Structure formats: structure tokens, C-alpha cells
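Below is data15.pdb, which holds PDB, N, CA and C atoms.
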ATOM      1  N   MET A 794      -1.942   1.120  21.136
ATOM      2  CA  MET A 794      -2.371  -0.021  21.900
ATOM      3  C   MET A 794      -3.593   0.375  22.714
ATOM      4  N   GLY A 795      -4.487  -0.562  22.957
ATOM      5  CA  GLY A 795      -5.727  -0.294  23.660
ATOM      6  C   GLY A 795      -5.516  -0.006  25.140
ATOM      7  N   LYS A 796      -6.548   0.548  25.732
ATOM      8  CA  LYS A 796      -6.508   0.871  27.154
ATOM      9  C   LYS A 796      -6.594  -0.420  27.965
ATOM     10  N   ARG A 797      -5.801  -0.506  28.994
ATOM     11  CA  ARG A 797      -5.785  -1.693  29.853
ATOM     12  C   ARG A 797      -7.027  -1.693  30.731
ATOM     13  N   ILE A 798      -7.672  -2.840  30.810
ATOM     14  CA  ILE A 798      -8.884  -2.974  31.616
ATOM     15  C   ILE A 798      -8.513  -3.610  32.951
ATOM     16  N   ILE A 799      -8.966  -2.989  34.028
ATOM     17  CA  ILE A 799      -8.712  -3.515  35.367
ATOM     18  C   ILE A 799     -10.051  -3.992  35.924
ATOM     19  N   ARG A 800     -10.084  -5.230  36.367
ATOM     20  CA  ARG A 800     -11.319  -5.809  36.898
ATOM     21  C   ARG A 800     -11.263  -5.874  38.421
ATOM     22  N   ASN A 801     -12.430  -5.796  39.007
ATOM     23  CA  ASN A 801     -12.544  -5.909  40.464
ATOM     24  C   ASN A 801     -12.742  -7.366  40.890
ATOM     25  N   ARG A 802     -12.770  -8.279  39.917
ATOM     26  CA  ARG A 802     -12.959  -9.687  40.237
ATOM     27  C   ARG A 802     -12.031 -10.526  39.372
ATOM     28  N   ARG A 803     -11.784 -11.726  39.803
ATOM     29  CA  ARG A 803     -10.951 -12.655  39.035
ATOM     30  C   ARG A 803     -11.805 -13.277  37.935
ATOM     31  N   LEU A 804     -11.145 -13.592  36.826
ATOM     32  CA  LEU A 804     -11.854 -14.263  35.734
ATOM     33  C   LEU A 804     -12.182 -15.692  36.130
ATOM     34  N   THR A 805     -13.299 -16.162  35.601
ATOM     35  CA  THR A 805     -13.616 -17.575  35.801
ATOM     36  C   THR A 805     -12.682 -18.393  34.924
ATOM     37  N   GLU A 806     -12.609 -19.679  35.168
ATOM     38  CA  GLU A 806     -11.766 -20.556  34.345
ATOM     39  C   GLU A 806     -12.222 -20.518  32.886
ATOM     40  N   GLU A 807     -13.517 -20.463  32.691
ATOM     41  CA  GLU A 807     -14.071 -20.397  31.336
ATOM     42  C   GLU A 807     -13.668 -19.099  30.639
ATOM     43  N   GLU A 808     -13.750 -17.977  31.342
ATOM     44  CA  GLU A 808     -13.343 -16.689  30.773
ATOM     45  C   GLU A 808     -11.850 -16.686  30.464
ATOM     46  N   SER A 809     -11.052 -17.216  31.361
ATOM     47  CA  SER A 809      -9.603 -17.296  31.140
ATOM     48  C   SER A 809      -9.290 -18.126  29.908
ATOM     49  N   ALA A 810      -9.974 -19.244  29.757
ATOM     50  CA  ALA A 810      -9.758 -20.113  28.594
ATOM     51  C   ALA A 810     -10.141 -19.389  27.306
ATOM     52  N   GLU A 811     -11.220 -18.633  27.346
ATOM     53  CA  GLU A 811     -11.662 -17.886  26.168
ATOM     54  C   GLU A 811     -10.632 -16.820  25.793
ATOM     55  N   TYR A 812     -10.113 -16.100  26.784
ATOM     56  CA  TYR A 812      -9.082 -15.087  26.535
ATOM     57  C   TYR A 812      -7.817 -15.735  25.949
ATOM     58  N   ARG A 813      -7.422 -16.875  26.486
ATOM     59  CA  ARG A 813      -6.244 -17.583  25.958
ATOM     60  C   ARG A 813      -6.456 -17.956  24.502
ATOM     61  N   THR A 814      -7.638 -18.463  24.188
ATOM     62  CA  THR A 814      -7.958 -18.862  22.814
ATOM     63  C   THR A 814      -7.853 -17.662  21.873
ATOM     64  N   VAL A 815      -8.399 -16.546  22.300
ATOM     65  CA  VAL A 815      -8.357 -15.333  21.469
ATOM     66  C   VAL A 815      -6.917 -14.871  21.286
ATOM     67  N   ARG A 816      -6.121 -14.856  22.362
ATOM     68  CA  ARG A 816      -4.712 -14.449  22.263
ATOM     69  C   ARG A 816      -3.934 -15.361  21.321
ATOM     70  N   GLU A 817      -4.178 -16.660  21.398
ATOM     71  CA  GLU A 817      -3.500 -17.616  20.517
ATOM     72  C   GLU A 817      -3.896 -17.383  19.061
ATOM     73  N   GLN A 818      -5.174 -17.112  18.827
ATOM     74  CA  GLN A 818      -5.640 -16.851  17.469
ATOM     75  C   GLN A 818      -4.975 -15.592  16.914
ATOM     76  N   ILE A 819      -4.903 -14.557  17.729
ATOM     77  CA  ILE A 819      -4.265 -13.306  17.293
ATOM     78  C   ILE A 819      -2.785 -13.551  17.001
ATOM     79  N   ALA A 820      -2.106 -14.265  17.875
ATOM     80  CA  ALA A 820      -0.685 -14.554  17.672
ATOM     81  C   ALA A 820      -0.470 -15.341  16.384
ATOM     82  N   GLU A 821      -1.386 -16.234  16.073
ATOM     83  CA  GLU A 821      -1.276 -17.046  14.856
ATOM     84  C   GLU A 821      -1.516 -16.207  13.602
ATOM     85  N   GLU A 822      -2.451 -15.287  13.676
ATOM     86  CA  GLU A 822      -2.816 -14.474  12.511
ATOM     87  C   GLU A 822      -1.921 -13.262  12.318
ATOM     88  N   LEU A 823      -1.208 -12.833  13.335
ATOM     89  CA  LEU A 823      -0.427 -11.600  13.285
ATOM     90  C   LEU A 823       0.605 -11.549  12.154
ATOM     91  N   PRO A 824       1.391 -12.594  11.898
ATOM     92  CA  PRO A 824       2.353 -12.501  10.793
ATOM     93  C   PRO A 824       1.689 -12.229   9.435
ATOM     94  N   GLU A 825       0.561 -12.870   9.190
ATOM     95  CA  GLU A 825      -0.154 -12.644   7.923
ATOM     96  C   GLU A 825      -0.724 -11.233   7.859
ATOM     97  N   ILE A 826      -1.229 -10.748   8.969
ATOM     98  CA  ILE A 826      -1.761  -9.381   9.015
ATOM     99  C   ILE A 826      -0.645  -8.383   8.731
ATOM    100  N   LYS A 827       0.521  -8.583   9.340
ATOM    101  CA  LYS A 827       1.663  -7.690   9.104
ATOM    102  C   LYS A 827       2.128  -7.753   7.653
ATOM    103  N   ARG A 828       2.147  -8.965   7.074
ATOM    104  CA  ARG A 828       2.555  -9.120   5.680
ATOM    105  C   ARG A 828       1.598  -8.365   4.760
ATOM    106  N   ARG A 829       0.304  -8.526   5.002
ATOM    107  CA  ARG A 829      -0.697  -7.851   4.172
ATOM    108  C   ARG A 829      -0.621  -6.344   4.328
ATOM    109  N   ALA A 830      -0.339  -5.871   5.539
ATOM    110  CA  ALA A 830      -0.204  -4.430   5.773
ATOM    111  C   ALA A 830       0.995  -3.872   5.019
ATOM    112  N   LYS A 831       2.085  -4.626   4.994
ATOM    113  CA  LYS A 831       3.282  -4.189   4.286
ATOM    114  C   LYS A 831       3.017  -4.085   2.787
ATOM    115  N   VAL A 832       2.339  -5.073   2.235
ATOM    116  CA  VAL A 832       1.993  -5.047   0.809
ATOM    117  C   VAL A 832       1.069  -3.868   0.520
ATOM    118  N   ALA A 833       0.098  -3.645   1.390
ATOM    119  CA  ALA A 833      -0.834  -2.533   1.207
ATOM    120  C   ALA A 833      -0.087  -1.203   1.237
ATOM    121  N   LYS A 834       0.867  -1.072   2.141
ATOM    122  CA  LYS A 834       1.649   0.165   2.240
ATOM    123  C   LYS A 834       2.408   0.412   0.938
ATOM    124  N   GLN A 835       3.006  -0.643   0.389
ATOM    125  CA  GLN A 835       3.739  -0.498  -0.868
ATOM    126  C   GLN A 835       2.801  -0.066  -1.989
ATOM    127  N   ARG A 836       1.610  -0.658  -2.039
ATOM    128  CA  ARG A 836       0.624  -0.286  -3.067
ATOM    129  C   ARG A 836       0.189   1.171  -2.905
ATOM    130  N   ILE A 837       0.001   1.590  -1.652
ATOM    131  CA  ILE A 837      -0.413   2.970  -1.396
ATOM    132  C   ILE A 837       0.665   3.935  -1.874
ATOM    133  N   LEU A 838       1.924   3.635  -1.580
ATOM    134  CA  LEU A 838       3.019   4.504  -2.022
ATOM    135  C   LEU A 838       3.078   4.564  -3.542
ATOM    136  N   LEU A 839       2.934   3.424  -4.209
ATOM    137  CA  LEU A 839       2.957   3.392  -5.669
ATOM    138  C   LEU A 839       1.792   4.201  -6.232
ATOM    139  N   LYS A 840       0.617   4.053  -5.639
ATOM    140  CA  LYS A 840      -0.541   4.819  -6.113
ATOM    141  C   LYS A 840      -0.322   6.311  -5.940
ATOM    142  N   GLN A 841       0.354   6.719  -4.857
ATOM    143  CA  GLN A 841       0.647   8.137  -4.637
ATOM    144  C   GLN A 841       1.601   8.658  -5.713
ATOM    145  N   VAL A 842       2.598   7.858  -6.064
ATOM    146  CA  VAL A 842       3.547   8.254  -7.109
ATOM    147  C   VAL A 842       2.814   8.407  -8.445
ATOM    148  N   LEU A 843       1.977   7.425  -8.767
ATOM    149  CA  LEU A 843       1.240   7.480 -10.038
ATOM    150  C   LEU A 843       0.268   8.654 -10.071
ATOM    151  N   LYS A 844      -0.352   8.952  -8.946
ATOM    152  CA  LYS A 844      -1.259  10.108  -8.870
ATOM    153  C   LYS A 844      -0.486  11.398  -9.107
ATOM    154  N   ALA A 845       0.694  11.518  -8.491
ATOM    155  CA  ALA A 845       1.523  12.713  -8.666
ATOM    156  C   ALA A 845       1.969  12.857 -10.119
ATOM    157  N   LEU A 846       2.311  11.744 -10.755
ATOM    158  CA  LEU A 846       2.711  11.794 -12.167
ATOM    159  C   LEU A 846       1.550  12.225 -13.050
ATOM    160  N   LYS A 847       0.371  11.694 -12.782
ATOM    161  CA  LYS A 847      -0.813  12.072 -13.561
ATOM    162  C   LYS A 847      -1.109  13.560 -13.397
ATOM    163  N   GLU A 848      -1.007  14.057 -12.149
ATOM    164  CA  GLU A 848      -1.229  15.482 -11.896
ATOM    165  C   GLU A 848      -0.195  16.340 -12.626
ATOM    166  N   GLU A 849       1.057  15.885 -12.645
ATOM    167  CA  GLU A 849       2.109  16.625 -13.346
ATOM    168  C   GLU A 849       1.854  16.635 -14.850
ATOM    169  N   ARG A 850       1.440  15.490 -15.383
ATOM    170  CA  ARG A 850       1.117  15.416 -16.814
ATOM    171  C   ARG A 850       0.020  16.409 -17.150
ATOM    172  N   ARG A 851      -1.024  16.427 -16.339
ATOM    173  CA  ARG A 851      -2.143  17.352 -16.580
ATOM    174  C   ARG A 851      -1.711  18.804 -16.395
ATOM    175  N   ARG A 852      -0.870  19.055 -15.379
ATOM    176  CA  ARG A 852      -0.391  20.418 -15.137
ATOM    177  C   ARG A 852       0.342  20.961 -16.361
ATOM    178  N   GLN A 853       1.059  20.082 -17.022
ATOM    179  CA  GLN A 853       1.806  20.474 -18.221
ATOM    180  C   GLN A 853       0.912  20.541 -19.456
ATOM    181  N   GLY A 854      -0.364  20.201 -19.310
ATOM    182  CA  GLY A 854      -1.296  20.233 -20.437
ATOM    183  C   GLY A 854      -1.060  19.099 -21.419
ATOM    184  N   MET A 855      -0.473  18.020 -20.944
ATOM    185  CA  MET A 855      -0.126  16.890 -21.796
ATOM    186  C   MET A 855      -1.258  15.859 -21.788
ATOM    187  N   SER A 856      -1.680  15.442 -22.972
ATOM    188  CA  SER A 856      -2.700  14.399 -23.071
ATOM    189  C   SER A 856      -2.045  13.027 -22.966
ATOM    190  N   LEU A 857      -2.876  12.005 -22.834
ATOM    191  CA  LEU A 857      -2.334  10.640 -22.833
ATOM    192  C   LEU A 857      -1.682  10.324 -24.183
ATOM    193  N   GLY A 858      -2.231  10.887 -25.253
ATOM    194  CA  GLY A 858      -1.625  10.697 -26.574
ATOM    195  C   GLY A 858      -0.224  11.294 -26.647
ATOM    196  N   ASP A 859      -0.079  12.494 -26.086
ATOM    197  CA  ASP A 859       1.243  13.137 -26.029
ATOM    198  C   ASP A 859       2.218  12.275 -25.225
ATOM    199  N   LEU A 860       1.751  11.802 -24.077
ATOM    200  CA  LEU A 860       2.587  10.964 -23.223
ATOM    201  C   LEU A 860       2.957   9.664 -23.933
ATOM    202  N   SER A 861       2.003   9.123 -24.667
ATOM    203  CA  SER A 861       2.249   7.885 -25.408
ATOM    204  C   SER A 861       3.356   8.080 -26.445
ATOM    205  N   ARG A 862       3.303   9.207 -27.156
ATOM    206  CA  ARG A 862       4.343   9.489 -28.150
ATOM    207  C   ARG A 862       5.715   9.661 -27.497
ATOM    208  N   ARG A 863       5.758  10.267 -26.337
ATOM    209  CA  ARG A 863       7.033  10.489 -25.653
ATOM    210  C   ARG A 863       7.609   9.211 -25.030
ATOM    211  N   THR A 864       6.730   8.317 -24.589
ATOM    212  CA  THR A 864       7.194   7.115 -23.885
ATOM    213  C   THR A 864       7.254   5.880 -24.770
ATOM    214  N   GLY A 865       6.461   5.882 -25.853
ATOM    215  CA  GLY A 865       6.354   4.680 -26.675
ATOM    216  C   GLY A 865       5.422   3.644 -26.048
ATOM    217  N   ILE A 866       4.663   4.057 -25.034
ATOM    218  CA  ILE A 866       3.716   3.170 -24.354
ATOM    219  C   ILE A 866       2.317   3.496 -24.855
ATOM    220  N   ASP A 867       1.548   2.476 -25.162
ATOM    221  CA  ASP A 867       0.184   2.617 -25.658
ATOM    222  C   ASP A 867      -0.662   3.485 -24.718
ATOM    223  N   SER A 868      -1.511   4.361 -25.288
ATOM    224  CA  SER A 868      -2.352   5.255 -24.483
ATOM    225  C   SER A 868      -3.266   4.490 -23.531
ATOM    226  N   GLY A 869      -3.813   3.380 -23.995
ATOM    227  CA  GLY A 869      -4.680   2.569 -23.141
ATOM    228  C   GLY A 869      -3.933   2.024 -21.939
ATOM    229  N   SER A 870      -2.703   1.605 -22.158
ATOM    230  CA  SER A 870      -1.890   1.091 -21.050
ATOM    231  C   SER A 870      -1.566   2.206 -20.056
ATOM    232  N   LEU A 871      -1.306   3.399 -20.568
ATOM    233  CA  LEU A 871      -1.024   4.533 -19.692
ATOM    234  C   LEU A 871      -2.262   4.914 -18.875
ATOM    235  N   SER A 872      -3.426   4.889 -19.521
ATOM    236  CA  SER A 872      -4.671   5.190 -18.818
ATOM    237  C   SER A 872      -4.914   4.174 -17.708
ATOM    238  N   LYS A 873      -4.711   2.899 -18.024
ATOM    239  CA  LYS A 873      -4.890   1.858 -17.022
ATOM    240  C   LYS A 873      -3.902   2.058 -15.879
ATOM    241  N   LEU A 874      -2.669   2.385 -16.209
ATOM    242  CA  LEU A 874      -1.642   2.600 -15.192
ATOM    243  C   LEU A 874      -2.040   3.734 -14.248
ATOM    244  N   GLU A 875      -2.563   4.820 -14.805
ATOM    245  CA  GLU A 875      -2.941   5.971 -13.987
ATOM    246  C   GLU A 875      -4.183   5.711 -13.129
ATOM    247  N   ASN A 876      -5.056   4.820 -13.573
ATOM    248  CA  ASN A 876      -6.348   4.651 -12.912
ATOM    249  C   ASN A 876      -6.572   3.310 -12.238
ATOM    250  N   ASP A 877      -5.641   2.389 -12.378
ATOM    251  CA  ASP A 877      -5.805   1.055 -11.810
ATOM    252  C   ASP A 877      -5.750   1.116 -10.283
ATOM    253  N   PRO A 878      -6.751   0.551  -9.582
ATOM    254  CA  PRO A 878      -6.717   0.575  -8.116
ATOM    255  C   PRO A 878      -5.609  -0.303  -7.531
ATOM    256  N   ASN A 879      -5.117  -1.271  -8.302
ATOM    257  CA  ASN A 879      -4.009  -2.131  -7.868
ATOM    258  C   ASN A 879      -2.928  -2.137  -8.938
ATOM    259  N   PRO A 880      -2.209  -1.027  -9.071
ATOM    260  CA  PRO A 880      -1.230  -0.934 -10.155
ATOM    261  C   PRO A 880      -0.083  -1.929 -10.016
ATOM    262  N   ASN A 881       0.343  -2.427 -11.154
ATOM    263  CA  ASN A 881       1.478  -3.336 -11.220
ATOM    264  C   ASN A 881       2.350  -2.832 -12.364
ATOM    265  N   VAL A 882       3.410  -2.131 -12.025
ATOM    266  CA  VAL A 882       4.219  -1.451 -13.028
ATOM    267  C   VAL A 882       5.682  -1.829 -12.848
ATOM    268  N   THR A 883       6.394  -1.903 -13.969
ATOM    269  CA  THR A 883       7.824  -2.176 -13.885
ATOM    270  C   THR A 883       8.574  -0.857 -13.642
ATOM    271  N   ILE A 884       9.771  -0.976 -13.127
ATOM    272  CA  ILE A 884      10.620   0.211 -12.922
ATOM    273  C   ILE A 884      10.892   0.881 -14.265
ATOM    274  N   ASN A 885      11.108   0.095 -15.299
ATOM    275  CA  ASN A 885      11.377   0.640 -16.630
ATOM    276  C   ASN A 885      10.214   1.520 -17.101
ATOM    277  N   THR A 886       8.986   1.030 -16.955
ATOM    278  CA  THR A 886       7.818   1.802 -17.375
ATOM    279  C   THR A 886       7.696   3.074 -16.548
ATOM    280  N   LEU A 887       7.909   2.960 -15.255
ATOM    281  CA  LEU A 887       7.833   4.119 -14.369
ATOM    282  C   LEU A 887       8.891   5.161 -14.746
ATOM    283  N   MET A 888      10.084   4.700 -15.073
ATOM    284  CA  MET A 888      11.155   5.624 -15.472
ATOM    285  C   MET A 888      10.816   6.315 -16.792
ATOM    286  N   ARG A 889      10.252   5.584 -17.737
ATOM    287  CA  ARG A 889       9.872   6.195 -19.020
ATOM    288  C   ARG A 889       8.821   7.282 -18.817
ATOM    289  N   TYR A 890       7.856   6.996 -17.943
ATOM    290  CA  TYR A 890       6.799   7.968 -17.646
ATOM    291  C   TYR A 890       7.402   9.208 -16.989
ATOM    292  N   THR A 891       8.217   9.006 -15.952
ATOM    293  CA  THR A 891       8.772  10.152 -15.222
ATOM    294  C   THR A 891       9.656  11.019 -16.124
ATOM    295  N   GLN A 892      10.447  10.392 -16.977
ATOM    296  CA  GLN A 892      11.303  11.152 -17.890
ATOM    297  C   GLN A 892      10.465  11.954 -18.884
ATOM    298  N   ALA A 893       9.339  11.387 -19.310
ATOM    299  CA  ALA A 893       8.479  12.063 -20.283
ATOM    300  C   ALA A 893       7.863  13.337 -19.719
ATOM    301  N   VAL A 894       7.678  13.391 -18.399
ATOM    302  CA  VAL A 894       7.128  14.605 -17.791
ATOM    303  C   VAL A 894       8.224  15.455 -17.128
ATOM    304  N   GLY A 895       9.487  15.115 -17.407
ATOM    305  CA  GLY A 895      10.603  15.919 -16.924
ATOM    306  C   GLY A 895      10.931  15.712 -15.462
ATOM    307  N   LYS A 896      10.654  14.546 -14.957
ATOM    308  CA  LYS A 896      10.937  14.229 -13.554
ATOM    309  C   LYS A 896      11.903  13.052 -13.486
ATOM    310  N   THR A 897      12.418  12.796 -12.309
ATOM    311  CA  THR A 897      13.235  11.610 -12.076
ATOM    312  C   THR A 897      12.615  10.833 -10.925
ATOM    313  N   ILE A 898      12.983   9.586 -10.820
ATOM    314  CA  ILE A 898      12.485   8.748  -9.744
ATOM    315  C   ILE A 898      13.687   8.244  -8.960
ATOM    316  N   THR A 899      13.534   8.205  -7.647
ATOM    317  CA  THR A 899      14.587   7.722  -6.773
ATOM    318  C   THR A 899      14.086   6.482  -6.061
ATOM    319  N   VAL A 900      14.920   5.449  -6.027
ATOM    320  CA  VAL A 900      14.582   4.227  -5.314
ATOM    321  C   VAL A 900      15.444   4.169  -4.075
ATOM    322  N   GLN A 901      14.826   3.859  -2.954
ATOM    323  CA  GLN A 901      15.541   3.816  -1.677
ATOM    324  C   GLN A 901      15.383   2.444  -1.059
ATOM    325  N   LEU A 902      16.478   1.907  -0.566
ATOM    326  CA  LEU A 902      16.475   0.594   0.094
ATOM    327  C   LEU A 902      16.378   0.815   1.594
ATOM    328  N   GLU A 903      15.398   0.135   2.237
ATOM    329  CA  GLU A 903      15.206   0.249   3.677
ATOM    330  C   GLU A 903      15.130  -1.145   4.291
ATOM    331  N   ASP A 904      15.414  -1.223   5.573
ATOM    332  CA  ASP A 904      15.237  -2.480   6.283
ATOM    333  C   ASP A 904      13.776  -2.840   6.344
ATOM    334  N   ALA A 905      13.485  -4.126   6.276
ATOM    335  CA  ALA A 905      12.085  -4.573   6.313
ATOM    336  C   ALA A 905      11.519  -4.479   7.703
TER
END
Would you give me this structure, written as C-alpha cells?
Amino acid sequence: MGKRIIRNRRLTEEESAEYRTVREQIAEELPEIKRRAKVAKQRILLKQVLKALKEERRRQGMSLGDLSRRTGIDSGSLSKLENDPNPNVTINTLMRYTQAVGKTITVQLEDA
């Protein structure tokens, strides 16, 4: 939270009205900002998982073709999955990928 500002003078009525307007606007926008932050956090976590899987695949010396044969997923789709800035993947696809590189995935339920 920001540092509290202490003034040596009282606000004018105009300044007070402006501050109220800004506070109301923030209060109105806050739920949407929180929703977008939550979605962004989920995307960031998914991208971290996909990055770790890609690193593991490479560590094992496995090509996308090798991974494709093990998962039954097209190489192009796997490449897109690994490199997409906004990945959208099913749990089934993620499980197939993780099993192909000898890993498991754990899903955890948390309060929102």
C-alpha cells in the first residue's frame, strides 16, 4: 500500500470532490482488476509448467518428433503448446506430455 500523505491544509471542496470521484472509479474497477490478475496468475503458472516440461524434454535429448510418437500428439501442436504466449491446454494433453517425459502432474484445489 502507498505511503499516507499528510497535508498542512484542508482540501478545497473541488479537490475533495475529485478525490471522491477517483476513489469511486477505483472501487468500481477493482473487481475486474482482481479477476484479470487471477486469470493472469493462472496463465503464468501454466506457462511455468510448460517451460519446465520443455526443459525436461530437451534435457533428455528428446525431439518434438520423439515426443509426438510417445504422446500421439502432432509435433506442430506440441511446438505451439511449448511456445504459445497464451497456452490453452487440456488436463488430458498435459498428462500425456508429462508421462512421456517420465513426470507426473499434481492438481491442487485452493480457495479462491
Checklist outcome for this item: Taken to one decimal, the atom N of Gly854 of chain A-atom CA of Leu871 of chain A distance is 15.7 Å
Checklist entry - For Val832 of chain A, which of A:Ile898, A:Tyr812, A:Glu903, A:Asn879 is the closest residue, counting only C-alpha atoms? => result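 Under the stated criterion, the closest residue is A:Asn879.
What separates atom C of Arg797 of chain A from atom N of Gln818 of chain A is a distance of 19.6 Å.
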Can you sort out the box for segment 855-874 of chain A, edges along x, y and z, all listed atoms in, 4 Å on every side, with centre and edge lengths in Å to one decimal, as lines of an AutoDock Vina configuration file?
center_x = 1.3
center_y = 9.6
center_z = -21.2
size_x = 20.5
size_y = 24.9
size_z = 21.9
Checklist entry - Which of these, A:Ile884, A:Lys831, A:Ile799, A:Ala893, has the shortest distance to Asp859 of chain A once you count only N, CA and C atoms? => result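 Distance minimum relative to Asp859 of chain A lands on A:Ala893.
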